[in-house]
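Participant: Next comes input_27.txt, compact mmCIF, C-alpha atoms and all ligand atoms:
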```
# COMPACT_ATOMS: atom_id res chain seq x y z
CA MET Z 140 0.00 0.00 0.00
CA LYS Z 141 1.25 3.48 -0.91
CA LYS Z 142 1.64 5.48 2.30
CA HIS Z 143 0.66 9.04 3.08
CA ASN Z 144 4.12 10.58 3.02
CA PHE Z 145 4.55 13.65 5.27
CA SER Z 146 8.34 13.46 5.31
CA ALA Z 147 10.11 16.83 5.64
CA GLY Z 148 12.90 15.96 3.21
CA PRO Z 149 13.79 14.01 1.20
CA SER Z 150 10.10 14.04 0.57
CA ILE Z 151 7.14 13.17 -1.58
CA LEU Z 152 7.32 13.43 -5.37
CA PRO Z 153 4.49 12.97 -7.87
CA GLN Z 154 3.87 9.29 -8.60
CA GLU Z 155 4.07 9.85 -12.38
CA VAL Z 156 7.46 11.50 -11.93
CA LEU Z 157 8.75 8.49 -9.97
CA LEU Z 158 7.54 6.14 -12.68
CA LYS Z 159 9.11 8.11 -15.53
CA ALA Z 160 12.34 8.57 -13.59
CA SER Z 161 12.56 4.85 -12.83
CA GLU Z 162 12.00 3.97 -16.50
CA ALA Z 163 14.81 6.31 -17.53
CA VAL Z 164 17.20 4.55 -15.17
CA VAL Z 165 16.67 1.32 -17.10
CA ASP Z 166 16.23 2.65 -20.63
CA TYR Z 167 16.17 6.35 -21.45
CA ASN Z 168 13.66 7.21 -24.16
CA ASN Z 169 14.03 3.80 -25.87
CA SER Z 170 17.66 4.59 -26.57
CA GLY Z 171 18.82 1.23 -25.28
CA LEU Z 172 20.88 3.03 -22.66
CA SER Z 173 20.23 4.13 -19.11
CA LEU Z 174 20.12 7.85 -18.39
CA ILE Z 175 22.79 7.30 -15.74
CA GLU Z 176 25.22 5.52 -18.05
CA ILE Z 177 25.41 8.08 -20.85
CA SER Z 178 27.69 11.09 -21.21
CA HIS Z 179 26.47 14.32 -19.68
CA ARG Z 180 27.78 15.92 -22.89
CA SER Z 181 25.43 13.82 -25.01
CA LYS Z 182 22.63 15.64 -26.79
CA ASP Z 183 20.11 13.71 -24.70
CA PHE Z 184 21.45 15.06 -21.44
CA VAL Z 185 22.29 18.56 -22.67
CA ASP Z 186 18.65 18.85 -23.77
CA ILE Z 187 17.50 17.77 -20.29
CA MET Z 188 19.74 20.34 -18.62
CA GLU Z 189 18.63 23.15 -20.91
CA ASN Z 190 14.97 22.23 -20.52
CA ALA Z 191 15.26 22.08 -16.73
CA ARG Z 192 17.00 25.45 -16.55
CA ALA Z 193 14.46 27.06 -18.87
CA LEU Z 194 11.50 25.60 -16.96
CA VAL Z 195 12.81 27.07 -13.71
CA LEU Z 196 12.92 30.59 -15.14
CA GLU Z 197 9.57 30.15 -16.89
CA LEU Z 198 7.76 28.92 -13.77
CA LEU Z 199 9.28 31.68 -11.63
CA GLY Z 200 8.40 34.34 -14.22
CA LEU Z 201 12.06 35.33 -14.59
CA GLU Z 202 12.61 34.81 -18.32
CA GLY Z 203 14.44 37.67 -20.02
CA LYS Z 204 15.13 39.45 -16.73
CA GLY Z 205 18.86 38.78 -16.43
CA TYR Z 206 18.61 35.63 -14.31
CA LYS Z 207 20.41 32.32 -14.76
CA ALA Z 208 19.35 28.97 -13.31
CA LEU Z 209 22.03 26.52 -12.19
CA PHE Z 210 21.87 22.96 -10.92
CA LEU Z 211 24.78 22.54 -8.53
CA GLN Z 212 25.86 20.04 -5.89
CA GLY Z 213 26.63 20.14 -2.18
CA GLY Z 214 23.10 20.86 -0.99
CA ALA Z 215 21.69 24.11 0.29
CA SER Z 216 24.38 23.87 2.98
CA THR Z 217 27.10 24.57 0.40
CA GLN Z 218 25.16 27.65 -0.68
CA PHE Z 219 25.60 29.03 2.85
CA LEU Z 220 29.30 29.54 2.08
CA MET Z 221 29.06 30.00 -1.69
CA VAL Z 222 26.76 33.01 -1.26
CA ALA Z 223 29.31 34.64 1.06
CA LEU Z 224 32.29 33.80 -1.17
CA ASN Z 225 30.61 35.34 -4.21
CA LEU Z 226 28.81 38.32 -2.69
CA LEU Z 227 30.34 39.30 0.65
CA GLU Z 228 32.91 42.09 0.31
CA THR Z 229 32.54 44.03 3.56
CA ARG Z 230 29.29 43.33 5.41
CA ALA Z 231 25.97 41.60 5.03
CA GLY Z 232 22.72 41.35 6.98
CA TYR Z 233 21.07 38.07 7.90
CA LEU Z 234 17.66 37.30 9.31
CA ASN Z 235 18.06 34.62 11.98
CA SER Z 236 14.71 32.88 11.68
CA GLY Z 237 15.70 29.26 12.29
CA SER Z 238 18.48 26.68 12.48
CA TRP Z 239 19.17 26.78 8.75
CA ALA Z 240 19.49 30.56 8.87
CA ALA Z 241 21.84 30.22 11.86
CA LYS Z 242 23.99 27.79 9.88
CA ALA Z 243 24.10 30.22 6.94
CA ILE Z 244 25.25 32.96 9.34
CA LYS Z 245 27.96 30.74 10.79
CA GLU Z 246 29.43 30.04 7.34
CA ALA Z 247 29.28 33.65 6.15
CA LYS Z 248 31.09 34.82 9.30
CA LEU Z 249 34.14 32.90 8.11
CA TYR Z 250 34.53 35.48 5.34
CA ASP Z 251 33.57 38.89 6.65
CA ASP Z 252 31.26 40.94 8.85
CA VAL Z 253 27.81 39.52 9.23
CA TYR Z 254 25.06 41.23 11.19
CA GLU Z 255 21.86 39.67 12.43
CA VAL Z 256 19.26 42.25 11.51
CA GLY Z 257 16.61 40.30 13.41
CA SER Z 258 16.30 37.05 15.33
CA SER Z 259 13.57 34.87 16.79
CA LYS Z 260 15.97 32.58 18.61
CA ASP Z 261 14.60 33.87 21.93
CA ALA Z 262 11.35 31.94 21.34
CA ASN Z 263 12.89 28.81 19.78
CA TYR Z 264 12.12 30.35 16.37
CA ASN Z 265 8.34 30.07 16.61
CA TYR Z 266 7.86 33.37 14.74
CA ILE Z 267 9.38 35.43 11.93
CA PRO Z 268 11.29 38.52 13.13
CA LYS Z 269 9.76 41.75 11.84
CA GLY Z 270 10.33 45.49 11.91
CA TYR Z 271 14.06 45.33 11.23
CA GLU Z 272 16.17 47.70 9.15
CA ILE Z 273 18.58 46.78 6.39
CA PRO Z 274 21.36 49.40 6.06
CA GLU Z 275 21.88 50.56 2.47
CA ASP Z 276 25.60 49.84 2.54
CA TYR Z 277 25.23 46.08 3.10
CA ASP Z 278 26.44 43.86 0.26
CA TYR Z 279 23.29 41.77 0.55
CA PHE Z 280 20.49 40.67 2.84
CA HIS Z 281 19.93 36.94 3.45
CA CYS Z 282 16.69 35.36 4.59
CA THR Z 283 15.00 31.94 4.72
CA SER Z 284 11.53 32.00 3.16
CA ASN Z 285 10.29 28.88 4.95
CA ASN Z 286 11.71 27.48 8.16
CA THR Z 287 11.26 23.77 7.60
CA ILE Z 288 12.01 22.71 11.16
CA PHE Z 289 9.88 25.25 13.01
CA GLY Z 290 7.01 25.59 10.55
CA THR Z 291 7.19 29.34 10.00
CA GLN Z 292 7.10 31.13 6.66
CA MET Z 293 7.78 34.69 5.57
CA LYS Z 294 4.52 36.13 4.25
CA SER Z 295 6.20 39.30 3.03
CA PHE Z 296 9.72 40.38 2.24
CA PRO Z 297 11.42 43.66 3.12
CA LYS Z 298 11.72 46.44 0.57
CA THR Z 299 15.42 47.06 0.16
CA ASN Z 300 17.87 48.28 -2.43
CA VAL Z 301 20.53 45.76 -1.44
CA PRO Z 302 20.40 42.39 -3.25
CA MET Z 303 18.11 39.98 -1.42
CA VAL Z 304 19.36 36.39 -1.13
CA CYS Z 305 16.81 33.78 -0.13
CA ASP Z 306 17.06 30.16 0.96
CA MET Z 307 13.82 28.76 -0.49
CA SER Z 308 14.71 25.11 0.02
CA SER Z 309 11.35 24.11 1.43
CA ASP Z 310 8.85 26.35 -0.34
CA ILE Z 311 10.19 27.06 -3.80
CA PHE Z 312 7.52 26.63 -6.51
CA SER Z 313 4.80 26.44 -3.84
CA ARG Z 314 3.40 29.98 -3.96
CA THR Z 315 3.30 32.98 -6.24
CA LEU Z 316 5.77 35.73 -5.37
CA ASP Z 317 7.46 38.48 -7.28
CA PHE Z 318 10.65 36.48 -7.69
CA SER Z 319 12.38 39.44 -9.35
CA GLN Z 320 12.70 41.04 -5.92
CA PHE Z 321 15.48 38.52 -5.19
CA GLY Z 322 19.06 38.76 -6.41
CA LEU Z 323 19.72 35.11 -5.64
CA ILE Z 324 17.49 32.19 -4.70
CA TYR Z 325 18.71 28.74 -3.73
CA ALA Z 326 17.00 25.51 -2.85
CA GLY Z 327 18.07 21.93 -2.23
CA ALA Z 328 16.03 19.78 -4.61
CA GLN Z 329 14.87 17.24 -2.06
CA LYS Z 330 12.02 19.22 -0.50
CA ASN Z 331 9.82 20.28 -3.36
CA MET Z 332 11.51 19.38 -6.61
CA GLY Z 333 13.43 16.12 -6.85
CA PRO Z 334 15.74 13.65 -5.16
CA ALA Z 335 18.64 14.81 -2.99
CA GLY Z 336 21.82 15.47 -4.95
CA THR Z 337 21.27 18.75 -6.72
CA THR Z 338 20.71 22.31 -5.55
CA LEU Z 339 18.94 24.89 -7.61
CA VAL Z 340 20.49 28.35 -7.75
CA VAL Z 341 18.75 31.21 -9.54
CA VAL Z 342 20.95 34.26 -9.73
CA LYS Z 343 20.67 37.69 -11.28
CA GLU Z 344 23.89 37.87 -13.19
CA ASP Z 345 24.54 41.56 -12.56
CA ILE Z 346 25.01 41.07 -8.80
CA LEU Z 347 28.11 38.96 -9.45
CA GLY Z 348 31.72 40.05 -10.00
CA LYS Z 349 31.77 42.65 -7.21
CA VAL Z 350 34.04 40.97 -4.67
CA SER Z 351 37.82 41.25 -4.68
CA ARG Z 352 38.70 37.79 -3.33
CA LYS Z 353 39.76 34.90 -5.56
CA ILE Z 354 36.98 32.32 -5.79
CA PRO Z 355 37.77 28.63 -6.43
CA SER Z 356 36.16 27.53 -9.72
CA MET Z 357 33.68 25.08 -8.22
CA MET Z 358 32.52 27.80 -5.81
CA ASP Z 359 32.21 30.50 -8.47
CA TYR Z 360 28.69 31.14 -9.81
CA GLN Z 361 30.12 32.88 -12.88
CA VAL Z 362 32.12 29.81 -13.83
CA HIS Z 363 29.01 27.65 -13.63
CA ILE Z 364 27.00 30.19 -15.64
CA ASP Z 365 29.67 30.40 -18.33
CA LYS Z 366 29.74 26.60 -18.61
CA GLY Z 367 25.97 26.20 -18.87
CA SER Z 368 25.79 24.54 -15.43
CA MET Z 369 28.17 21.84 -16.71
CA TYR Z 370 31.56 22.93 -15.44
CA ASN Z 371 31.97 19.41 -14.10
CA THR Z 372 29.80 16.30 -14.34
CA PRO Z 373 26.37 17.36 -13.11
CA PRO Z 374 24.20 14.99 -11.03
CA VAL Z 375 22.26 13.72 -14.02
CA PHE Z 376 19.58 11.70 -12.26
CA PRO Z 377 18.49 14.35 -9.71
CA ILE Z 378 18.43 16.95 -12.50
CA TYR Z 379 16.35 14.77 -14.81
CA THR Z 380 13.89 13.96 -12.02
CA SER Z 381 13.67 17.65 -11.08
CA MET Z 382 12.95 18.44 -14.72
CA LEU Z 383 10.09 15.91 -14.67
CA THR Z 384 8.64 17.54 -11.54
CA LEU Z 385 8.88 20.97 -13.15
CA GLU Z 386 7.07 19.66 -16.25
CA TRP Z 387 4.43 18.11 -13.99
CA LEU Z 388 3.98 21.46 -12.27
CA LYS Z 389 3.75 23.34 -15.56
CA ASN Z 390 1.09 20.90 -16.82
CA LYS Z 391 -0.92 21.46 -13.65
CA GLY Z 392 -1.04 25.18 -14.39
CA GLY Z 393 2.18 26.31 -12.74
CA ILE Z 394 2.75 27.91 -9.36
CA ALA Z 395 -0.56 29.81 -9.29
CA ALA Z 396 -2.49 26.55 -9.62
CA ILE Z 397 -0.47 24.59 -7.07
CA GLU Z 398 -0.67 27.51 -4.64
CA LYS Z 399 -4.45 27.12 -4.47
CA GLU Z 400 -4.09 23.44 -3.62
CA ASN Z 401 -1.43 24.19 -1.05
CA GLU Z 402 -3.70 26.77 0.60
CA LYS Z 403 -6.52 24.24 0.83
CA LYS Z 404 -4.27 21.59 2.35
CA ALA Z 405 -2.82 24.03 4.89
CA SER Z 406 -6.18 25.41 5.92
CA LEU Z 407 -7.56 21.90 6.43
CA MET Z 408 -4.56 21.02 8.56
CA TYR Z 409 -4.52 24.18 10.66
CA SER Z 410 -8.26 24.21 11.29
CA GLU Z 411 -7.94 20.74 12.82
CA ILE Z 412 -4.99 21.87 14.94
CA ASP Z 413 -6.99 24.88 16.15
CA LEU Z 414 -10.33 23.16 16.72
CA ASN Z 415 -9.09 19.95 18.29
CA PRO Z 416 -8.30 20.54 21.99
CA LEU Z 417 -5.80 17.65 21.97
CA PHE Z 418 -3.43 19.59 19.71
CA LYS Z 419 -1.62 22.90 19.84
CA GLY Z 420 0.23 24.58 16.99
CA PHE Z 421 3.89 25.44 17.55
CA ALA Z 422 4.33 28.47 15.27
CA VAL Z 423 2.49 31.75 15.89
CA LYS Z 424 -0.59 31.91 13.68
CA GLU Z 425 0.37 34.82 11.44
CA ASP Z 426 3.65 33.17 10.43
CA ARG Z 427 2.42 29.62 9.91
CA SER Z 428 4.02 27.73 7.05
CA PHE Z 429 1.83 26.33 4.29
CA MET Z 430 4.44 23.64 3.71
CA ASN Z 431 5.34 22.37 7.20
CA ALA Z 432 2.74 22.41 9.97
CA THR Z 433 4.27 21.91 13.44
CA PHE Z 434 2.11 20.88 16.38
CA ASN Z 435 2.17 19.11 19.74
CA LEU Z 436 -0.20 16.95 21.71
CA THR Z 437 -1.67 18.80 24.69
CA ASN Z 438 -1.73 15.53 26.63
CA ASP Z 439 1.46 13.50 26.36
CA ASN Z 440 -0.27 10.38 27.66
CA LEU Z 441 -1.97 10.05 24.28
CA LYS Z 442 1.33 9.79 22.42
CA ASP Z 443 1.39 6.02 21.99
CA THR Z 444 -2.29 5.79 21.05
CA PHE Z 445 -1.91 8.58 18.49
CA GLU Z 446 1.21 7.10 16.96
CA THR Z 447 -0.35 3.63 16.69
CA MET Z 448 -3.37 5.16 14.96
CA LEU Z 449 -1.11 7.05 12.54
CA LYS Z 450 0.69 3.86 11.69
CA GLU Z 451 -2.54 1.96 11.11
CA ALA Z 452 -3.76 4.70 8.78
CA GLY Z 453 -0.57 4.42 6.70
CA ILE Z 454 0.64 7.87 7.71
CA SER Z 455 4.40 8.24 7.57
CA GLY Z 456 6.97 10.93 8.39
CA VAL Z 457 5.06 13.14 10.84
CA ASN Z 458 7.53 13.06 13.70
CA GLY Z 459 8.75 16.54 14.58
CA HIS Z 460 12.37 17.61 14.31
CA ARG Z 461 14.34 16.87 17.50
CA SER Z 462 14.74 20.59 18.25
CA VAL Z 463 10.97 21.16 18.37
CA GLY Z 464 9.53 17.76 19.31
CA GLY Z 465 5.90 16.89 18.70
CA TYR Z 466 4.77 16.49 15.12
CA ARG Z 467 5.39 18.05 11.75
CA ALA Z 468 3.22 17.51 8.73
CA SER Z 469 5.08 18.48 5.57
CA MET Z 470 2.62 19.14 2.77
CA TYR Z 471 4.77 19.77 -0.27
CA ASN Z 472 3.44 20.32 -3.80
CA ALA Z 473 3.17 16.62 -4.65
CA MET Z 474 1.05 15.76 -1.62
CA PRO Z 475 -2.58 15.12 -2.52
CA ILE Z 476 -5.24 16.65 -0.28
CA GLU Z 477 -6.46 13.11 0.46
CA SER Z 478 -3.34 12.53 2.53
CA VAL Z 479 -4.03 15.62 4.62
CA LYS Z 480 -7.62 14.43 5.04
CA ALA Z 481 -6.34 11.07 6.27
CA LEU Z 482 -4.16 12.75 8.90
CA VAL Z 483 -6.92 15.11 10.01
CA GLU Z 484 -9.29 12.13 10.36
CA VAL Z 485 -6.88 10.36 12.69
CA MET Z 486 -6.57 13.53 14.77
CA SER Z 487 -10.32 13.92 15.13
CA GLU Z 488 -10.75 10.20 15.80
CA LEU Z 489 -8.27 10.57 18.65
CA GLU Z 490 -10.44 13.34 20.06
CA SER Z 491 -13.56 11.20 19.95
CA LYS Z 492 -11.74 8.32 21.66
CA ALA Z 493 -10.13 10.40 24.40
C1 LIG X 501 16.81 21.16 4.26
C2 LIG X 501 17.19 22.58 4.30
C3 LIG X 501 18.51 23.01 4.15
C4 LIG X 501 19.68 22.04 4.03
O1 LIG X 501 19.69 21.47 2.80
P1 LIG X 501 20.84 20.43 2.36
O2 LIG X 501 20.52 20.23 0.92
O3 LIG X 501 20.65 19.22 3.21
O4 LIG X 501 22.16 21.06 2.58
C5 LIG X 501 18.77 24.37 4.14
N1 LIG X 501 17.78 25.25 4.28
C6 LIG X 501 16.49 24.89 4.45
C7 LIG X 501 15.44 25.94 4.58
C8 LIG X 501 16.15 23.54 4.45
O5 LIG X 501 14.88 23.17 4.60
```
Go through the file and emit its structure as structure tokens.
Facilitator:
Amino acid sequence: MKKHNFSAGPSILPQEVLLKASEAVVDYNNSGLSLIEISHRSKDFVDIMENARALVLELLGLEGKGYKALFLQGGASTQFLMVALNLLETRAGYLNSGSWAAKAIKEAKLYDDVYEVGSSKDANYNYIPKGYEIPEDYDYFHCTSNNTIFGTQMKSFPKTNVPMVCDMSSDIFSRTLDFSQFGLIYAGAQKNMGPAGTTLVVVKEDILGKVSRKIPSMMDYQVHIDKGSMYNTPPVFPIYTSMLTLEWLKNKGGIAAIEKENEKKASLMYSEIDLNPLFKGFAVKEDRSFMNATFNLTNDNLKDTFETMLKEAGISGVNGHRSVGGYRASMYNAMPIESVKALVEVMSELESKA
């Protein structure tokens, strides 16, 4: 039986994408060869790479606006240092809204002055800091659009003249935004796009080339841009699978269409959390994430009963991150509303039993 997969990452992908991807591993496009045993310089793979890069810009509405899409390696965690290497000349501002943001700050501090313009660490990151200033002389401002672990999400972004860099690992392609307000966006594929192993970077080319340090080739965005995201052997399978997910999304009507589904799933989930006295949401209401809902039982004695019921209903991956505890329901693009309904049913059944 296919389970209801609420895993935070690596996470759910559309079933049709998994099927197509698995076929390509055995025999790509009836070529008699596997996708993962052909040259990345072959026409077959170059077409995949170009299609994937173009789909990214198309879906984000960034075509013809000076942006380049890259599929790199090393996860979002490598972007924490790559951003600083490429953009940090004297000082930068960071919004400390969660553990991933804190890790990005730690890496950037290795290179130059980094200031926390706002932080919600005081409340174990259960809200998004607001009302902060970004000085005009900063090289860039870095934020995390969705805090996967804590279940908070930025609903608006500051107006600033300094380039805005955003870690969108867990909510990219999930909601409509004016993506041209960002100078650089990055996202590990494994939350909303594909398997682990590739990281999407979307960068406005004119923000590059302004630092004086020497940048190692593999760490240099410009090198990757100049080589068409093929400076070295790219992770062909994660990129192909990501391309399939992007095509799936485009066929569904793009981000605007999936956003409506995501809103429905989130509102179903949060209304149960709010109405059911056995549960309490972790994140403050105004900052709640539409991707990752975090919640706790109000009565710990029900833990075993609840978890047995979840298991029996085929619900997988709802355990909270160790730094928050409780539960976390990740409802990425590929999750059907039926899975959220199944979880909500178990929660209300628990209430009627208790
Ligand atoms: C998962 C995650 C990361 C880390 O991604 P890796 O690809 O494992 O390095 C960074 N930022 C956010 C917001 C995440 O959700």
Participant: Between Z:Gly200, Z:Pro149, Z:Gly453, Z:Pro377, single out the one closest to ligand LIG 501 (chain X), counting all atoms listed in the file.
Facilitator: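 Using all atoms listed in the file, ligand LIG 501 (chain X) sits closest to Z:Pro149.
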Participant: Provide an axis-aligned box for all listed atoms of ligand LIG 501 (chain X), padding each side by 3 Å; report its centre and its edge lengths in Å to one decimal, as lines of an AutoDock Vina configuration file.
Facilitator:
```
center_x = 18.5
center_y = 22.6
center_z = 2.8
size_x = 13.3
size_y = 12.7
size_z = 9.7
```
Participant: For chain Z against ligand LIG 501 (chain X), with a cut-off of 7 Å and counting all atoms listed in the file, what is the closest atom pair and its distance in Å to one decimal for every residue that makes the cut, ordered by chain and number, as a Markdown table?
Facilitator:
```
| residue | atom | partner | partner_atom | distance |
| --- | --- | --- | --- | --- |
| Z:Gly148 | CA | X:LIG501 | C1 | 6.6 |
| Z:Gly213 | CA | X:LIG501 | O4 | 6.6 |
| Z:Gly214 | CA | X:LIG501 | O2 | 3.3 |
| Z:Ala215 | CA | X:LIG501 | O4 | 3.8 |
| Z:Ser216 | CA | X:LIG501 | O4 | 3.6 |
| Z:Thr217 | CA | X:LIG501 | O4 | 6.4 |
| Z:Trp239 | CA | X:LIG501 | N1 | 4.9 |
| Z:Thr283 | CA | X:LIG501 | C7 | 6.0 |
| Z:Asn285 | CA | X:LIG501 | C7 | 5.9 |
| Z:Asn286 | CA | X:LIG501 | C7 | 5.4 |
| Z:Thr287 | CA | X:LIG501 | O5 | 4.7 |
| Z:Asp306 | CA | X:LIG501 | C7 | 5.8 |
| Z:Met307 | CA | X:LIG501 | C7 | 6.0 |
| Z:Ser308 | CA | X:LIG501 | C7 | 4.7 |
| Z:Ser309 | CA | X:LIG501 | O5 | 4.8 |
| Z:Gly327 | CA | X:LIG501 | O2 | 4.3 |
| Z:Ala335 | CA | X:LIG501 | O2 | 6.9 |
| Z:Thr338 | CA | X:LIG501 | O2 | 6.8 |
```
Participant: For atom CA of Z:Ser469 and atom CA of Z:Val457, determine how far apart the two atoms are, in Å to one decimal place.
Facilitator: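 Result for atom CA of Z:Ser469 versus atom CA of Z:Val457: 7.5 Å, one decimal.
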Participant: Go through Z:Ile364, Z:Ala493, Z:Val195, Z:Ile476 and flag the residue nearest Z:Asn440, using all atoms listed in the file for the distances.
Facilitator: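 Of Z:Ile364, Z:Ala493, Z:Val195, Z:Ile476, the one nearest Z:Asn440, counting all atoms listed in the file, is Z:Ala493.
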Participant: I want to know what sits within 12 Å of Z:Lys349, based on all atoms listed in the file, with residues of the same chain fewer than 4 positions away left out; could you give that as a list in words?
Facilitator: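 Once the nearby chain positions are removed, what remains is Ala223, Leu224, Asn225, Leu226, Leu227, Glu228, Thr229, Asp278, Tyr279, Glu344, Asp345, Lys353, Ile354 and Gln361 of chain Z.
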Participant: Would you put the residues from that selection into a file with C-alpha atoms, as a PDB file, in the frame of the given file?
Facilitator:
```pdb
ATOM      1  CA  ALA Z 223      29.310  34.640   1.060  1.00  0.00           C
ATOM      2  CA  LEU Z 224      32.290  33.800  -1.170  1.00  0.00           C
ATOM      3  CA  ASN Z 225      30.610  35.340  -4.210  1.00  0.00           C
ATOM      4  CA  LEU Z 226      28.810  38.320  -2.690  1.00  0.00           C
ATOM      5  CA  LEU Z 227      30.340  39.300   0.650  1.00  0.00           C
ATOM      6  CA  GLU Z 228      32.910  42.090   0.310  1.00  0.00           C
ATOM      7  CA  THR Z 229      32.540  44.030   3.560  1.00  0.00           C
ATOM      8  CA  ASP Z 278      26.440  43.860   0.260  1.00  0.00           C
ATOM      9  CA  TYR Z 279      23.290  41.770   0.550  1.00  0.00           C
ATOM     10  CA  GLU Z 344      23.890  37.870 -13.190  1.00  0.00           C
ATOM     11  CA  ASP Z 345      24.540  41.560 -12.560  1.00  0.00           C
ATOM     12  CA  LYS Z 353      39.760  34.900  -5.560  1.00  0.00           C
ATOM     13  CA  ILE Z 354      36.980  32.320  -5.790  1.00  0.00           C
ATOM     14  CA  GLN Z 361      30.120  32.880 -12.880  1.00  0.00           C
TER      15      GLN Z 361
END
```
Participant: Could you check how far atom CA of Z:Thr337 sits from atom CA of Z:Ala191, in Å to one decimal?
Facilitator: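 It comes out at 12.1 Å.
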Participant: Out of Z:Ala432, Z:Val156, Z:Leu234, Z:Ala147, which residue has the shortest atom-to-atom distance to Z:Leu383 when counting only C-alpha atoms?
Facilitator: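 Closest candidate: Z:Val156.
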Participant: Please list as an NGL selection string every residue within 12 Å of Z:Leu211, counting only C-alpha atoms and excluding residues in the same chain fewer than 2 positions away.
Facilitator: :Z and (188 or 192 or 208-209 or 213-218 or 221 or 325-328 or 335-341 or 357-360 or 362-364 or 366-375 or 377-378)
Participant: Pick the closest to Z:Val165 from Z:Ala247, Z:Phe376, Z:Asn438, Z:Asp443: which is it, counting only C-alpha atoms?
Facilitator: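 Closest to Z:Val165, using only C-alpha atoms: Z:Phe376.
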Participant: For Z:Ile454, which residue among Z:Met140, Z:Val253, Z:Met303, Z:Leu194 is the nearest when counting all atoms listed in the file?
Facilitator: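 Closest to Z:Ile454, using all atoms listed in the file: Z:Met140.
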Participant: Please write as an MDAnalysis selection string the list of polymer residues whose atoms come within 12 Å of (16.6, 46.1, 5.2), counting all atoms listed in the file and keeping to the coordinates of the file.
Facilitator: chainID Z and resid 231:234 254:257 269:282 296:304
Participant: Since fewer atoms than expected are present, regenerate all heavy atoms for stretch 461-465 of chain Z and write them as a PDB file, in the coordinates of the input.
Facilitator:
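File result-v7.pdb, as written:
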```pdb
ATOM      1  N   ARG Z 461      13.934  17.010  16.089  1.00  0.00           N
ATOM      2  CA  ARG Z 461      14.340  16.870  17.500  1.00  0.00           C
ATOM      3  C   ARG Z 461      14.406  18.200  18.255  1.00  0.00           C
ATOM      4  O   ARG Z 461      14.217  18.240  19.468  1.00  0.00           O
ATOM      5  CB  ARG Z 461      15.669  16.115  17.602  1.00  0.00           C
ATOM      6  CG  ARG Z 461      16.825  16.797  16.891  1.00  0.00           C
ATOM      7  CD  ARG Z 461      18.046  15.905  16.792  1.00  0.00           C
ATOM      8  NE  ARG Z 461      19.094  16.584  16.056  1.00  0.00           N
ATOM      9  CZ  ARG Z 461      19.156  16.672  14.727  1.00  0.00           C
ATOM     10  NH1 ARG Z 461      18.213  16.100  13.988  1.00  0.00           N
ATOM     11  NH2 ARG Z 461      20.120  17.320  14.126  1.00  0.00           N
ATOM     12  N   SER Z 462      14.634  19.315  17.539  1.00  0.00           N
ATOM     13  CA  SER Z 462      14.740  20.590  18.250  1.00  0.00           C
ATOM     14  C   SER Z 462      13.376  21.213  18.581  1.00  0.00           C
ATOM     15  O   SER Z 462      13.313  22.220  19.275  1.00  0.00           O
ATOM     16  CB  SER Z 462      15.586  21.579  17.437  1.00  0.00           C
ATOM     17  OG  SER Z 462      15.045  21.748  16.167  1.00  0.00           O
ATOM     18  N   VAL Z 463      12.308  20.634  18.078  1.00  0.00           N
ATOM     19  CA  VAL Z 463      10.970  21.160  18.370  1.00  0.00           C
ATOM     20  C   VAL Z 463      10.131  20.096  19.086  1.00  0.00           C
ATOM     21  O   VAL Z 463       9.315  20.409  19.963  1.00  0.00           O
ATOM     22  CB  VAL Z 463      10.238  21.592  17.069  1.00  0.00           C
ATOM     23  CG1 VAL Z 463       8.843  22.099  17.370  1.00  0.00           C
ATOM     24  CG2 VAL Z 463      11.030  22.659  16.334  1.00  0.00           C
ATOM     25  N   GLY Z 464      10.327  18.838  18.745  1.00  0.00           N
ATOM     26  CA  GLY Z 464       9.530  17.760  19.310  1.00  0.00           C
ATOM     27  C   GLY Z 464       8.150  17.720  18.658  1.00  0.00           C
ATOM     28  O   GLY Z 464       7.904  18.407  17.669  1.00  0.00           O
ATOM     29  N   GLY Z 465       7.262  16.942  19.221  1.00  0.00           N
ATOM     30  CA  GLY Z 465       5.900  16.890  18.700  1.00  0.00           C
ATOM     31  C   GLY Z 465       5.844  16.351  17.285  1.00  0.00           C
ATOM     32  O   GLY Z 465       6.570  15.414  16.926  1.00  0.00           O
TER      33      GLY Z 465
END
```
